[in-house]
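Here's the structure we're looking at; comments come further down.
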Amino acid sequence: MKALTRKLLRDIGIMRGAVFTISLVVAAGIAAFVTMRGTFVSLVDTRDRYYSQQRFADVFCELERAPLSIGDRIEALPGVARAYTRIIGSARIPLKNLPEPAQARVVSIPDDEWPPLNGVQLLAGRMPSSERDDEALLSEQFAGKHQVRPGDVLRVIVEGRERNLRMVGMAMSPEYVLAVPNGASAPSPERFAVLWMPRRAVEAAFDMRGSFNSVALDVAPHTPTLQLARKLDALLERYGGLGAYDRERQLSNYFLTQELGQLATLATIAPIIFLGVAAFLLNVVLSRLIELDRPQIATLKALGYSNREVGLHYLQLTLIITLIGAVLGLAAGSWLGGQMTAIYVAFYRMPGLAFRMDLELATTALLVSLAAGLVGSFISVRRVMLLPPAEAMRPAAPPSYRQGFLGRLITQQLGSAARMVAREISRRPMRTVMSALGIAAATGIIIVGQHFADAMDYIVDHYIQAQQRETIAAEFVNPVPADTVRALAALPGVRDVQYHSIVQVRVRAGHRERVVPLVAHSPRHSLRPILDIDGREVRIERGQVLVTDMLAKVLGVTPGDTVLVEPLQGERTPRPLRLTHSVSELVALWIHMPEEDFQGWLGVGPMATGALLFVDADQIDAVQAELIDMPQVAAATRKSLIVDEFRRQQGSTIHTFAMVLTLFAITIAVSVVYNNARVALSMRSRELASLRVLGFTRGEISAVLIGELAVQVLLGIPIGLQFGVLLIHVMMSANDPESFRFPMDISDRTFAFAALVTTLAAVGSALLVRRKLDKLDLVEVLKTRE
Amino acid sequence: MAAVLEAQRISKTYRMGEVDVHALSSVDFELREGELVVLLGASGSGKSTLLNILGGLDTPTSGKVLYRGGDLTDAGEAQLTDYRRRHVGFVFQFYNLIPSLTAEENLQLVTDIVDEPLPPREALELVGLGERRDHFPAQLSGGEQQRVAIARAVAKRPQILLCDEPTGALDFRTGVRVLEVIRRVNRELGTCTAVITHNAPVGEMADRVIVLADGRIQSERKNPNPKQPMELSW
């Protein structure tokens with residue numbers, strides 16, 4: 001082994017504390033990168049493969065009813081490669097272990113044939129026979145949640161009729177990667193089932209002989225889907241078309257895309273922060289090492305080592321630290337990636353979804369960490385190379401301290417220790433700033449981790465609890481006259497009944513359009529108020545039309561503009577509507593109107609699309625059961641269930657995520673404080689020992705060292721709190737703002753937690769170094785030459 | 001005798017901290033084949049600067065440096081490195097051993113990068129430290145460390161050995177031992193040697209003694225009968 005290599009290894013042994021802590025920060029960065037990027041790539045690859053294997057359609061449209069012959073006309077539209085018509089209906093599956101029946105979607109499949117689009121993959125059992133009307137395929141996720149095996153019979157309520165259906169096989173489809181029930185804002189695999197049945201059986205069950213109510217299109221390459229969707233809408237208008245949409249708005253794919261967008265953002269931001277901190281720490285530690293190694297650098301050069309060789313020697317130190325970090329990070333990342341992917345597997349049903357760590361990912365991670373190492377050591381290594389050997393031979397000139405006017409003013413008020421701290425900081429302001437930024441990064445990351453829990457609480461408190469004040473919400477199969485809803489007040493325990501009216505409309509402004517709910521409001525309807533993003537109730541007056549600010553932005557309109565609105569139910573003629581006010585809400589795409597205006601504008605009498613009930617706690621079960629049994633009721637959901645489900649599903653993911661991020665942040669805080677303290681100690685040990693000789697106590701000299709760290713931490717934490725807010729903003733901007741506005745409400749608890757964890761990590765690492773300070777050998781330190 | 005190394009009217013000014021230092025003013029100097037020269041001077045007389053320039057660690061502000069007739073004055077960093085690597089051995093006042101390497105490994109630092117070096121063990125035998133090759137610098141006395149440093153300088157079989165206050169940090173007896181080793185290297189290997197010191201009696205072992213003061217050569221005398229180091233006293 002070369003003597004220089006041996007020196008390198010021994011130096012690493014001596015600096016193991018720094019090597020270890022910095023490696024950990026690099027490891028955290030690489031682990032974050034590998035975990036998130038790897039999960040992202042695995043999800044995207046699996047999705048793309050699955051979509052293409054199972055011929056996931058490009059354009060979808062639901063309608064009331066059209067004869068099968070229309071299918072041929074759809075297929076004749078230019079740009080349509082294939083049109084697949086089918087029947088989709090809803091059903092309910094009452095199960096003992098569920099407080100309310102699960103929602104089921106009955107989807108027709110061709111008799112004795114595989115679906116040409118939106119393929120159904122059989123995972124167990126067999127296909128249902130077209131000769132029978134009581135056989136079905138069940139979505140495997142629901143089957144798994146409720147232990148349904150091939151051959152089991154389930155009681156299913158179809159069109160108000162109870163039927164026993166035999167589940168002959170378990171299947172999955174790209175259309176239902178995520179099980180999202182109607183009206184839910186999150187997947188719910190226990191409450192949502194898909195039943196695939198032969199067309200003949202579905203036709204009979206829903207009285208749809210010779211007709212279809214859903215069409216999926218395979219679009220020829222390079223066809224603009226929006227134009228095609230318009231043509232399809234025009235064709236299906238008289239058959240009650242509900243508006244064509246592309247994959248982007250297909251529910252399951254939509255949720256998947258949202259998740260992927262967030263992951264991609266995180267996979268970029270998190271590693272940048274960690275590797276940035278690592279680069280900074282490498283810079284601090286290397287520049288100290290070089291300061292201390294001046295005579296050795298000079299000696300090597302005097303012995304005939306070239307600048308390049310000496311520079312490379314110090315660069316190797318960096319490379320080894322980053323390599324150790326990269327290897328640790330790759331190992332941790334592939335484990336964490338497996339864990340993270342497992343969380344996705346629980347909700348996202350795609351065959352072969354598993355975390356894969358491929359060569360490309362590992363190589364990228366390695367290169368990225370090396371790049372961070374190079375950036376961090378560039379300045380120091382350059383200094384080594386430029387250091388003239390003769391100059392290196394002399395001790396470094398004493399650092400020049402200055403006493404500015406302000407400095408004089410401040411330092412006059414201070415004791416000796418504080419004065420030394422103040423001078424040291426003013427001599428190296430960049431180091432203090434950078435260290436403070438490192439601390440800030442740690443604090444910010446903790447806030448991001450905790451924020452998810454805050455957001456969950458906020459959504460529950462401000463959206464679900466505050467905005468949905470009913471106990472049970474019922475949706476009707478078809479709108480009913482508002483009067484009929486009053487009859488529900490007669491049910492035992494019902495304190496209040498209100499109806500609500502929502503109609504889906506297509507809004508057009510120039511070339512932009514969206515399908516959004518138009519909601520009627522009445523002062524008598526207090527159970528579903530309009531709440532702005534800060535939770536304040538917004539009153540709506542006659543003549544006003546409220547549009548959410550996000551919808552206004554999407555459409556490119558401002559209050560006062562008139563848009564063209566086409567109701568997708570009833571009388572569908574598009575008509576102009578003037579948007580008078582805008583409102584900022586959590587759920588971002590809505591239009592609100594006073595009830596009377598709504599009726600006048602639609603040309604209908606008082607009508608209800610659903611009912612909201614406020615029920616005594618002990619009667620909830622009975623009322624819900626009663627509602628479910630009514631044929632006009634499509635679904636009756638109790639709010640407490642939504643809250644529970646939301647918390648249960650989000651809870652475990654959020655806590656894991658918060659814990660991992662907090663651990664990573666602690667790594668950063670410890671590493672920043674520890675390495676700064678070590679550097680300060682070794683650079684100033686002579687000075688500190690001199691103070692001890694002059695009679696300073698251990699506590700007093702610790703104050704000199706720790707005072708500087710305290711300033712960095714105290715400066716860093718407030719910056720970090722702001723940084724956390726900024727990070728959350730950036731992450732949220734990756735979300736589709738049209739779906740759900742993630743609240744920016746960060747609780748005081750989160751701020752306090754972040755500040756506390758960072759402080760504790762800092763104090764812990766300062767104490768580690770303080771122990772070394774206590775062991776300072778006065779005689780030895782003063783004897784050694786600078 | 002031919003000049004191996006020659007400095008012609010060299011001057012050096014440098015900045016240290018916030019002060020300009022005129023370290024050398026128009027100095028002429030020659031180091032001839034096989035000779036041992038002692039440069040005497042008080043601290044601040046410019047002798048270290050001269051040695052650094054002669055050894056290619058530094059460049060003069062003006063004047064010329066010639067090694068075997070070749071001009072080093074305008075040599076680039078790469079050429080100077082090559083010059084140090086192949087032709088110059090350095091011995092420093094504070095030994096400048098690499099603390100994380102053993103005695104033998106410190107020598108290996110040099111033998112790793114030159115052609116046909118002395119084997120490290122042989123070089124250590126030469127300075128009488130063959131037994132202590134596995135000791136780290138911290139386990140060696142000052143005199144021993146300096147002898148290791150000399151062995152390290154010699155291991156590359158340099159043409160020139162430049163010693164900067166080699167005894168400056170040592171007591172009398174140890175200093176004498178170190179000077180003996182330097183003389184032995186000079187006499188046995190024929191390496192032309194320049195020793196700088198503030199210690200006037202050391203000059204008695206030299207073939208030639210040059211006295212520097214305030215960055216100028218004050219006097220120069222030849223020693224027809226150089227003394228053995230053990231005959232010196234201070």
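Going by the structure tokens order, chains are called A, B, ..., each with residues numbered from 1, while ligands are numbered from 1 in the order shown.
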Residue neighbourhood region 109-114 of chain A, 9 Å, only C-alpha atoms, exclusion window fewer than 6 positions, as a PDB file with all heavy atoms, in the first residue's frame:
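Final file, around-v5.pdb:
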```
ATOM      1  N   ARG A  86     -70.416  -0.570 -22.778  1.00  0.00           N
ATOM      2  CA  ARG A  86     -70.732  -1.500 -21.686  1.00  0.00           C
ATOM      3  C   ARG A  86     -71.796  -0.896 -20.780  1.00  0.00           C
ATOM      4  O   ARG A  86     -72.217   0.247 -20.970  1.00  0.00           O
ATOM      5  CB  ARG A  86     -69.481  -1.825 -20.891  1.00  0.00           C
ATOM      6  CG  ARG A  86     -68.805  -0.552 -20.440  1.00  0.00           C
ATOM      7  CD  ARG A  86     -67.345  -0.757 -20.163  1.00  0.00           C
ATOM      8  NE  ARG A  86     -66.830   0.533 -19.719  1.00  0.00           N
ATOM      9  CZ  ARG A  86     -65.895   0.696 -18.813  1.00  0.00           C
ATOM     10  NH1 ARG A  86     -65.315  -0.356 -18.275  1.00  0.00           N
ATOM     11  NH2 ARG A  86     -65.518   1.893 -18.464  1.00  0.00           N
ATOM     12  N   ILE A  87     -72.158  -1.674 -19.793  1.00  0.00           N
ATOM     13  CA  ILE A  87     -73.160  -1.211 -18.834  1.00  0.00           C
ATOM     14  C   ILE A  87     -72.497  -1.190 -17.460  1.00  0.00           C
ATOM     15  O   ILE A  87     -71.853  -2.158 -17.065  1.00  0.00           O
ATOM     16  CB  ILE A  87     -74.367  -2.158 -18.801  1.00  0.00           C
ATOM     17  CG1 ILE A  87     -74.973  -2.263 -20.203  1.00  0.00           C
ATOM     18  CG2 ILE A  87     -75.407  -1.674 -17.787  1.00  0.00           C
ATOM     19  CD1 ILE A  87     -75.856  -3.483 -20.385  1.00  0.00           C
ATOM     20  N   VAL A 120     -59.646  -7.160 -17.868  1.00  0.00           N
ATOM     21  CA  VAL A 120     -59.879  -7.701 -16.536  1.00  0.00           C
ATOM     22  C   VAL A 120     -58.948  -8.881 -16.383  1.00  0.00           C
ATOM     23  O   VAL A 120     -58.972  -9.810 -17.189  1.00  0.00           O
ATOM     24  CB  VAL A 120     -61.350  -8.141 -16.380  1.00  0.00           C
ATOM     25  CG1 VAL A 120     -61.558  -8.817 -15.041  1.00  0.00           C
ATOM     26  CG2 VAL A 120     -62.272  -6.941 -16.529  1.00  0.00           C
ATOM     27  N   MET A 127     -63.676 -17.468 -15.128  1.00  0.00           N
ATOM     28  CA  MET A 127     -64.557 -16.425 -15.631  1.00  0.00           C
ATOM     29  C   MET A 127     -66.012 -16.854 -15.394  1.00  0.00           C
ATOM     30  O   MET A 127     -66.324 -18.047 -15.407  1.00  0.00           O
ATOM     31  CB  MET A 127     -64.332 -16.217 -17.127  1.00  0.00           C
ATOM     32  CG  MET A 127     -62.979 -15.638 -17.484  1.00  0.00           C
ATOM     33  SD  MET A 127     -62.717 -13.996 -16.810  1.00  0.00           S
ATOM     34  CE  MET A 127     -63.625 -13.009 -17.988  1.00  0.00           C
ATOM     35  N   PRO A 128     -66.928 -15.902 -15.193  1.00  0.00           N
ATOM     36  CA  PRO A 128     -68.337 -16.280 -15.032  1.00  0.00           C
ATOM     37  C   PRO A 128     -68.910 -16.792 -16.352  1.00  0.00           C
ATOM     38  O   PRO A 128     -68.495 -16.365 -17.432  1.00  0.00           O
ATOM     39  CB  PRO A 128     -69.010 -14.971 -14.624  1.00  0.00           C
ATOM     40  CG  PRO A 128     -68.061 -13.892 -14.969  1.00  0.00           C
ATOM     41  CD  PRO A 128     -66.702 -14.457 -15.065  1.00  0.00           C
ATOM     42  N   SER A 129     -69.841 -17.700 -16.238  1.00  0.00           N
ATOM     43  CA  SER A 129     -70.442 -18.267 -17.447  1.00  0.00           C
ATOM     44  C   SER A 129     -71.525 -17.328 -17.957  1.00  0.00           C
ATOM     45  O   SER A 129     -72.320 -16.790 -17.185  1.00  0.00           O
ATOM     46  CB  SER A 129     -71.047 -19.634 -17.109  1.00  0.00           C
ATOM     47  OG  SER A 129     -72.007 -19.958 -18.079  1.00  0.00           O
ATOM     48  N   SER A 130     -71.569 -17.150 -19.291  1.00  0.00           N
ATOM     49  CA  SER A 130     -72.569 -16.255 -19.870  1.00  0.00           C
ATOM     50  C   SER A 130     -73.954 -16.891 -19.810  1.00  0.00           C
ATOM     51  O   SER A 130     -74.962 -16.229 -20.032  1.00  0.00           O
ATOM     52  CB  SER A 130     -72.206 -15.923 -21.316  1.00  0.00           C
ATOM     53  OG  SER A 130     -72.179 -17.113 -22.071  1.00  0.00           O
ATOM     54  N   GLU A 131     -73.986 -18.191 -19.502  1.00  0.00           N
ATOM     55  CA  GLU A 131     -75.276 -18.878 -19.404  1.00  0.00           C
ATOM     56  C   GLU A 131     -75.978 -18.560 -18.085  1.00  0.00           C
ATOM     57  O   GLU A 131     -77.156 -18.829 -17.934  1.00  0.00           O
ATOM     58  CB  GLU A 131     -75.070 -20.397 -19.487  1.00  0.00           C
ATOM     59  CG  GLU A 131     -74.299 -20.866 -20.711  1.00  0.00           C
ATOM     60  CD  GLU A 131     -75.043 -20.503 -21.993  1.00  0.00           C
ATOM     61  OE1 GLU A 131     -76.272 -20.638 -21.995  1.00  0.00           O
ATOM     62  OE2 GLU A 131     -74.380 -20.056 -22.953  1.00  0.00           O
ATOM     63  N   TRP A 196     -67.623  -7.822 -11.881  1.00  0.00           N
ATOM     64  CA  TRP A 196     -67.681  -7.943 -13.336  1.00  0.00           C
ATOM     65  C   TRP A 196     -68.619  -9.102 -13.664  1.00  0.00           C
ATOM     66  O   TRP A 196     -68.437 -10.211 -13.158  1.00  0.00           O
ATOM     67  CB  TRP A 196     -66.300  -8.226 -13.907  1.00  0.00           C
ATOM     68  CG  TRP A 196     -65.367  -7.042 -13.866  1.00  0.00           C
ATOM     69  CD1 TRP A 196     -65.303  -6.025 -14.759  1.00  0.00           C
ATOM     70  CD2 TRP A 196     -64.363  -6.775 -12.882  1.00  0.00           C
ATOM     71  NE1 TRP A 196     -64.322  -5.130 -14.404  1.00  0.00           N
ATOM     72  CE2 TRP A 196     -63.727  -5.561 -13.255  1.00  0.00           C
ATOM     73  CE3 TRP A 196     -63.935  -7.424 -11.717  1.00  0.00           C
ATOM     74  CZ2 TRP A 196     -62.683  -5.014 -12.512  1.00  0.00           C
ATOM     75  CZ3 TRP A 196     -62.898  -6.876 -10.990  1.00  0.00           C
ATOM     76  CH2 TRP A 196     -62.281  -5.676 -11.376  1.00  0.00           C
ATOM     77  N   MET A 197     -69.625  -8.821 -14.502  1.00  0.00           N
ATOM     78  CA  MET A 197     -70.593  -9.874 -14.838  1.00  0.00           C
ATOM     79  C   MET A 197     -70.810  -9.889 -16.335  1.00  0.00           C
ATOM     80  O   MET A 197     -70.666  -8.851 -17.002  1.00  0.00           O
ATOM     81  CB  MET A 197     -71.923  -9.615 -14.117  1.00  0.00           C
ATOM     82  CG  MET A 197     -71.816  -9.759 -12.592  1.00  0.00           C
ATOM     83  SD  MET A 197     -73.359  -9.324 -11.773  1.00  0.00           S
ATOM     84  CE  MET A 197     -74.379 -10.734 -12.186  1.00  0.00           C
ATOM     85  N   PRO A 198     -71.177 -11.046 -16.888  1.00  0.00           N
ATOM     86  CA  PRO A 198     -71.429 -11.135 -18.328  1.00  0.00           C
ATOM     87  C   PRO A 198     -72.533 -10.140 -18.708  1.00  0.00           C
ATOM     88  O   PRO A 198     -73.454  -9.880 -17.949  1.00  0.00           O
ATOM     89  CB  PRO A 198     -71.888 -12.566 -18.539  1.00  0.00           C
ATOM     90  CG  PRO A 198     -71.384 -13.301 -17.360  1.00  0.00           C
ATOM     91  CD  PRO A 198     -71.351 -12.335 -16.230  1.00  0.00           C
ATOM     92  N   ARG A 199     -72.398  -9.601 -19.921  1.00  0.00           N
ATOM     93  CA  ARG A 199     -73.291  -8.553 -20.392  1.00  0.00           C
ATOM     94  C   ARG A 199     -74.771  -8.952 -20.264  1.00  0.00           C
ATOM     95  O   ARG A 199     -75.597  -8.173 -19.783  1.00  0.00           O
ATOM     96  CB  ARG A 199     -72.965  -8.239 -21.852  1.00  0.00           C
ATOM     97  CG  ARG A 199     -73.750  -7.089 -22.415  1.00  0.00           C
ATOM     98  CD  ARG A 199     -73.226  -6.708 -23.770  1.00  0.00           C
ATOM     99  NE  ARG A 199     -72.951  -5.286 -23.850  1.00  0.00           N
ATOM    100  CZ  ARG A 199     -73.888  -4.347 -23.852  1.00  0.00           C
ATOM    101  NH1 ARG A 199     -75.151  -4.666 -23.741  1.00  0.00           N
ATOM    102  NH2 ARG A 199     -73.578  -3.081 -23.934  1.00  0.00           N
ATOM    103  N   ARG A 200     -75.039 -10.200 -20.665  1.00  0.00           N
ATOM    104  CA  ARG A 200     -76.433 -10.633 -20.669  1.00  0.00           C
ATOM    105  C   ARG A 200     -77.035 -10.488 -19.267  1.00  0.00           C
ATOM    106  O   ARG A 200     -78.145  -9.990 -19.098  1.00  0.00           O
ATOM    107  CB  ARG A 200     -76.503 -12.097 -21.129  1.00  0.00           C
ATOM    108  CG  ARG A 200     -77.862 -12.520 -21.636  1.00  0.00           C
ATOM    109  CD  ARG A 200     -77.830 -13.946 -22.143  1.00  0.00           C
ATOM    110  NE  ARG A 200     -76.859 -14.129 -23.234  1.00  0.00           N
ATOM    111  CZ  ARG A 200     -76.386 -15.317 -23.622  1.00  0.00           C
ATOM    112  NH1 ARG A 200     -76.787 -16.423 -23.015  1.00  0.00           N
ATOM    113  NH2 ARG A 200     -75.544 -15.407 -24.616  1.00  0.00           N
ATOM    114  N   VAL A 202     -76.023  -8.517 -16.840  1.00  0.00           N
ATOM    115  CA  VAL A 202     -76.108  -7.108 -16.422  1.00  0.00           C
ATOM    116  C   VAL A 202     -77.274  -6.420 -17.126  1.00  0.00           C
ATOM    117  O   VAL A 202     -78.017  -5.634 -16.522  1.00  0.00           O
ATOM    118  CB  VAL A 202     -74.781  -6.374 -16.714  1.00  0.00           C
ATOM    119  CG1 VAL A 202     -74.851  -4.927 -16.232  1.00  0.00           C
ATOM    120  CG2 VAL A 202     -73.616  -7.084 -16.036  1.00  0.00           C
TER     121      VAL A 202
END
```
What are the closest atom pairs, with distances in Å to one decimal, for each residue of chain A lying within 7 Å of chain B, using only C-alpha atoms, rows by chain and rising residue number, as a Markdown table?
```
| residue | atom | partner | partner_atom | distance |
| --- | --- | --- | --- | --- |
| A:Lys2 | CA | B:Asp112 | CA | 6.5 |
| A:Ala3 | CA | B:Leu109 | CA | 5.0 |
| A:Leu4 | CA | B:Leu109 | CA | 6.3 |
| A:Lys7 | CA | B:Ser100 | CA | 5.9 |
| A:Arg10 | CA | B:Ser100 | CA | 6.0 |
| A:Asp11 | CA | B:Ser100 | CA | 6.9 |
| A:Pro295 | CA | B:Asn96 | CA | 6.6 |
| A:Gln296 | CA | B:Ile98 | CA | 6.2 |
| A:Thr299 | CA | B:Asn96 | CA | 6.3 |
| A:Ala302 | CA | B:Arg84 | CA | 6.4 |
| A:Leu303 | CA | B:Arg85 | CA | 5.9 |
| A:Gly304 | CA | B:Arg85 | CA | 3.6 |
| A:Tyr305 | CA | B:Thr81 | CA | 6.7 |
| A:Ser306 | CA | B:Thr81 | CA | 5.6 |
| A:Pro389 | CA | B:Leu57 | CA | 5.4 |
| A:Ala390 | CA | B:Leu57 | CA | 5.2 |
| A:Ala397 | CA | B:Gly17 | CA | 5.5 |
```
How would the residues just chosen look if you wrote them out with N, CA, C and O atoms as a compact mmCIF listing (two decimals), in the first residue's frame?
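Output (out-v4.txt):
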```
# COMPACT_ATOMS: atom_id res chain seq x y z
N LYS A 2 0.49 2.22 -0.78
CA LYS A 2 1.25 3.47 -0.82
C LYS A 2 1.19 4.14 0.56
O LYS A 2 0.17 4.06 1.24
N ALA A 3 2.29 4.82 0.89
CA ALA A 3 2.32 5.48 2.19
C ALA A 3 1.22 6.55 2.29
O ALA A 3 0.60 6.74 3.34
N LEU A 4 0.92 7.19 1.16
CA LEU A 4 -0.09 8.25 1.19
C LEU A 4 -1.48 7.66 1.45
O LEU A 4 -2.31 8.25 2.14
N LYS A 7 -1.72 6.98 5.03
CA LYS A 7 -1.99 8.22 5.77
C LYS A 7 -3.48 8.53 5.72
O LYS A 7 -4.10 8.88 6.73
N ARG A 10 -5.40 6.29 8.04
CA ARG A 10 -5.20 6.64 9.45
C ARG A 10 -5.92 7.94 9.77
O ARG A 10 -6.51 8.08 10.85
N ASP A 11 -5.90 8.90 8.85
CA ASP A 11 -6.60 10.17 9.08
C ASP A 11 -8.09 9.91 9.28
O ASP A 11 -8.73 10.52 10.13
N PRO A 295 1.43 22.13 7.71
CA PRO A 295 2.82 21.65 7.64
C PRO A 295 2.94 20.35 6.85
O PRO A 295 3.92 20.16 6.12
N GLN A 296 1.94 19.49 7.00
CA GLN A 296 2.02 18.21 6.27
C GLN A 296 1.89 18.42 4.77
O GLN A 296 2.56 17.77 3.97
N THR A 299 5.12 19.68 3.62
CA THR A 299 6.12 18.61 3.58
C THR A 299 5.95 17.76 2.34
O THR A 299 6.91 17.48 1.61
N ALA A 302 7.19 19.58 -0.52
CA ALA A 302 8.65 19.68 -0.50
C ALA A 302 9.28 18.35 -0.89
O ALA A 302 10.32 18.30 -1.54
N LEU A 303 8.62 17.26 -0.52
CA LEU A 303 9.17 15.95 -0.85
C LEU A 303 9.03 15.65 -2.33
O LEU A 303 9.58 14.68 -2.83
N GLY A 304 8.28 16.46 -3.04
CA GLY A 304 8.17 16.27 -4.47
C GLY A 304 6.80 15.79 -4.93
O GLY A 304 6.63 15.42 -6.08
N TYR A 305 5.83 15.76 -4.02
CA TYR A 305 4.47 15.43 -4.47
C TYR A 305 3.90 16.63 -5.21
O TYR A 305 4.09 17.77 -4.80
N SER A 306 3.22 16.36 -6.31
CA SER A 306 2.69 17.47 -7.10
C SER A 306 1.41 17.99 -6.46
O SER A 306 0.79 17.33 -5.62
N PRO A 389 4.19 25.84 -1.09
CA PRO A 389 4.81 25.03 -0.04
C PRO A 389 5.58 25.88 0.97
O PRO A 389 5.55 25.59 2.15
N ALA A 390 6.25 26.93 0.49
CA ALA A 390 7.04 27.72 1.43
C ALA A 390 6.14 28.43 2.43
O ALA A 390 6.47 28.58 3.59
N ALA A 397 -0.76 33.05 9.32
CA ALA A 397 -0.79 34.35 9.97
C ALA A 397 -1.96 34.37 10.94
O ALA A 397 -3.00 33.77 10.67
```
Can you tell me, as a PyMOL selection string, what residues are no more than 7 Å from region 435-450 of chain A when counting only C-alpha atoms, ignoring any on the same chain fewer than 6 positions away? chain A and resi 273+277+657-658+661-662+665-666+668-669+672+712-713+715-717+719-721+723-724+728+750-751+754-755+758
Might you pull out every residue within 6 Å of region 592-601 of chain A, with only C-alpha atoms counted and same-chain residues fewer than 2 positions away left off, and present them as a PyMOL selection string? chain A and resi 518-522+542+545-546+603-605
Suppose we keep all heavy atoms; can you now write the selection as a short mmCIF file (atom, residue, chain, number, x, y, z; two decimals), in the first residue's frame?
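Result written to part.cif:
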```
data_model
loop_
_atom_site.label_atom_id
_atom_site.label_comp_id
_atom_site.auth_asym_id
_atom_site.auth_seq_id
_atom_site.Cartn_x
_atom_site.Cartn_y
_atom_site.Cartn_z
N LEU A 518 -72.63 22.28 -9.46
CA LEU A 518 -73.28 23.57 -9.17
C LEU A 518 -74.21 23.30 -7.99
O LEU A 518 -75.06 22.40 -8.04
CB LEU A 518 -74.08 24.02 -10.41
CG LEU A 518 -74.98 25.24 -10.26
CD1 LEU A 518 -74.18 26.48 -9.95
CD2 LEU A 518 -75.79 25.46 -11.53
N VAL A 519 -74.02 24.04 -6.92
CA VAL A 519 -74.70 23.73 -5.66
C VAL A 519 -75.69 24.84 -5.32
O VAL A 519 -75.37 26.02 -5.42
CB VAL A 519 -73.68 23.61 -4.51
CG1 VAL A 519 -74.36 23.07 -3.26
CG2 VAL A 519 -72.52 22.73 -4.91
N ALA A 520 -76.89 24.42 -4.91
CA ALA A 520 -77.90 25.40 -4.48
C ALA A 520 -77.82 25.57 -2.98
O ALA A 520 -77.62 24.62 -2.24
CB ALA A 520 -79.28 24.88 -4.87
N HIS A 521 -77.95 26.84 -2.54
CA HIS A 521 -77.89 27.12 -1.10
C HIS A 521 -79.12 27.90 -0.68
O HIS A 521 -79.66 28.70 -1.44
CB HIS A 521 -76.65 27.95 -0.77
CG HIS A 521 -75.39 27.17 -0.96
ND1 HIS A 521 -74.82 26.43 0.03
CD2 HIS A 521 -74.61 27.02 -2.05
CE1 HIS A 521 -73.73 25.85 -0.43
NE2 HIS A 521 -73.58 26.19 -1.70
N SER A 522 -79.53 27.62 0.55
CA SER A 522 -80.66 28.36 1.10
C SER A 522 -80.32 28.68 2.54
O SER A 522 -79.63 27.91 3.21
CB SER A 522 -81.91 27.48 1.02
OG SER A 522 -82.81 27.84 2.04
N ARG A 542 -79.30 36.64 -2.88
CA ARG A 542 -79.99 36.54 -4.18
C ARG A 542 -79.21 37.31 -5.22
O ARG A 542 -78.69 38.39 -4.96
CB ARG A 542 -81.41 37.14 -4.08
CG ARG A 542 -82.47 36.28 -3.43
CD ARG A 542 -82.75 34.97 -4.16
NE ARG A 542 -83.25 35.11 -5.52
CZ ARG A 542 -84.55 35.04 -5.84
NH1 ARG A 542 -85.46 34.85 -4.93
NH2 ARG A 542 -84.91 35.15 -7.10
N VAL A 545 -73.61 34.75 -7.78
CA VAL A 545 -73.10 33.44 -8.22
C VAL A 545 -71.65 33.37 -7.75
O VAL A 545 -70.82 34.18 -8.16
CB VAL A 545 -73.18 33.27 -9.74
CG1 VAL A 545 -72.58 31.92 -10.15
CG2 VAL A 545 -74.62 33.38 -10.21
N LEU A 546 -71.40 32.43 -6.84
CA LEU A 546 -70.05 32.32 -6.28
C LEU A 546 -69.27 31.24 -7.02
O LEU A 546 -69.76 30.14 -7.22
CB LEU A 546 -70.15 31.92 -4.80
CG LEU A 546 -70.01 33.03 -3.77
CD1 LEU A 546 -71.04 34.11 -4.00
CD2 LEU A 546 -70.12 32.46 -2.36
N GLY A 603 -84.96 26.14 -14.43
CA GLY A 603 -86.35 25.94 -14.81
C GLY A 603 -86.96 24.73 -14.13
O GLY A 603 -87.67 23.95 -14.74
N VAL A 604 -86.62 24.52 -12.87
CA VAL A 604 -87.18 23.40 -12.11
C VAL A 604 -87.81 23.92 -10.84
O VAL A 604 -87.54 25.06 -10.42
CB VAL A 604 -86.11 22.35 -11.75
CG1 VAL A 604 -85.55 21.71 -13.00
CG2 VAL A 604 -85.00 22.99 -10.91
N GLY A 605 -88.62 23.10 -10.22
CA GLY A 605 -89.17 23.44 -8.92
C GLY A 605 -88.17 23.04 -7.84
O GLY A 605 -87.06 22.61 -8.16
#
```
Taking the chain letters and numbering used in this document, name the residues of region 98-212 of chain B that DSSP puts in alpha helix (DSSP H), as a PyMOL selection string. chain B and resi 103-111+120-126+142-154+172-189
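Within the 10 Å cut-off around Cys61 (chain A), using only C-alpha atoms and omitting residues fewer than 3 positions from it on the same chain, the listed residues are A:Thr85, A:Asn213, A:Ser214, A:Val215, A:Ala216, A:Leu217, A:Ala229, A:Leu232, A:Asp233, A:Leu236, A:Gly241, A:Leu242, A:Gly243, A:Ala244, A:Tyr245, A:Asp246, A:Gln250.
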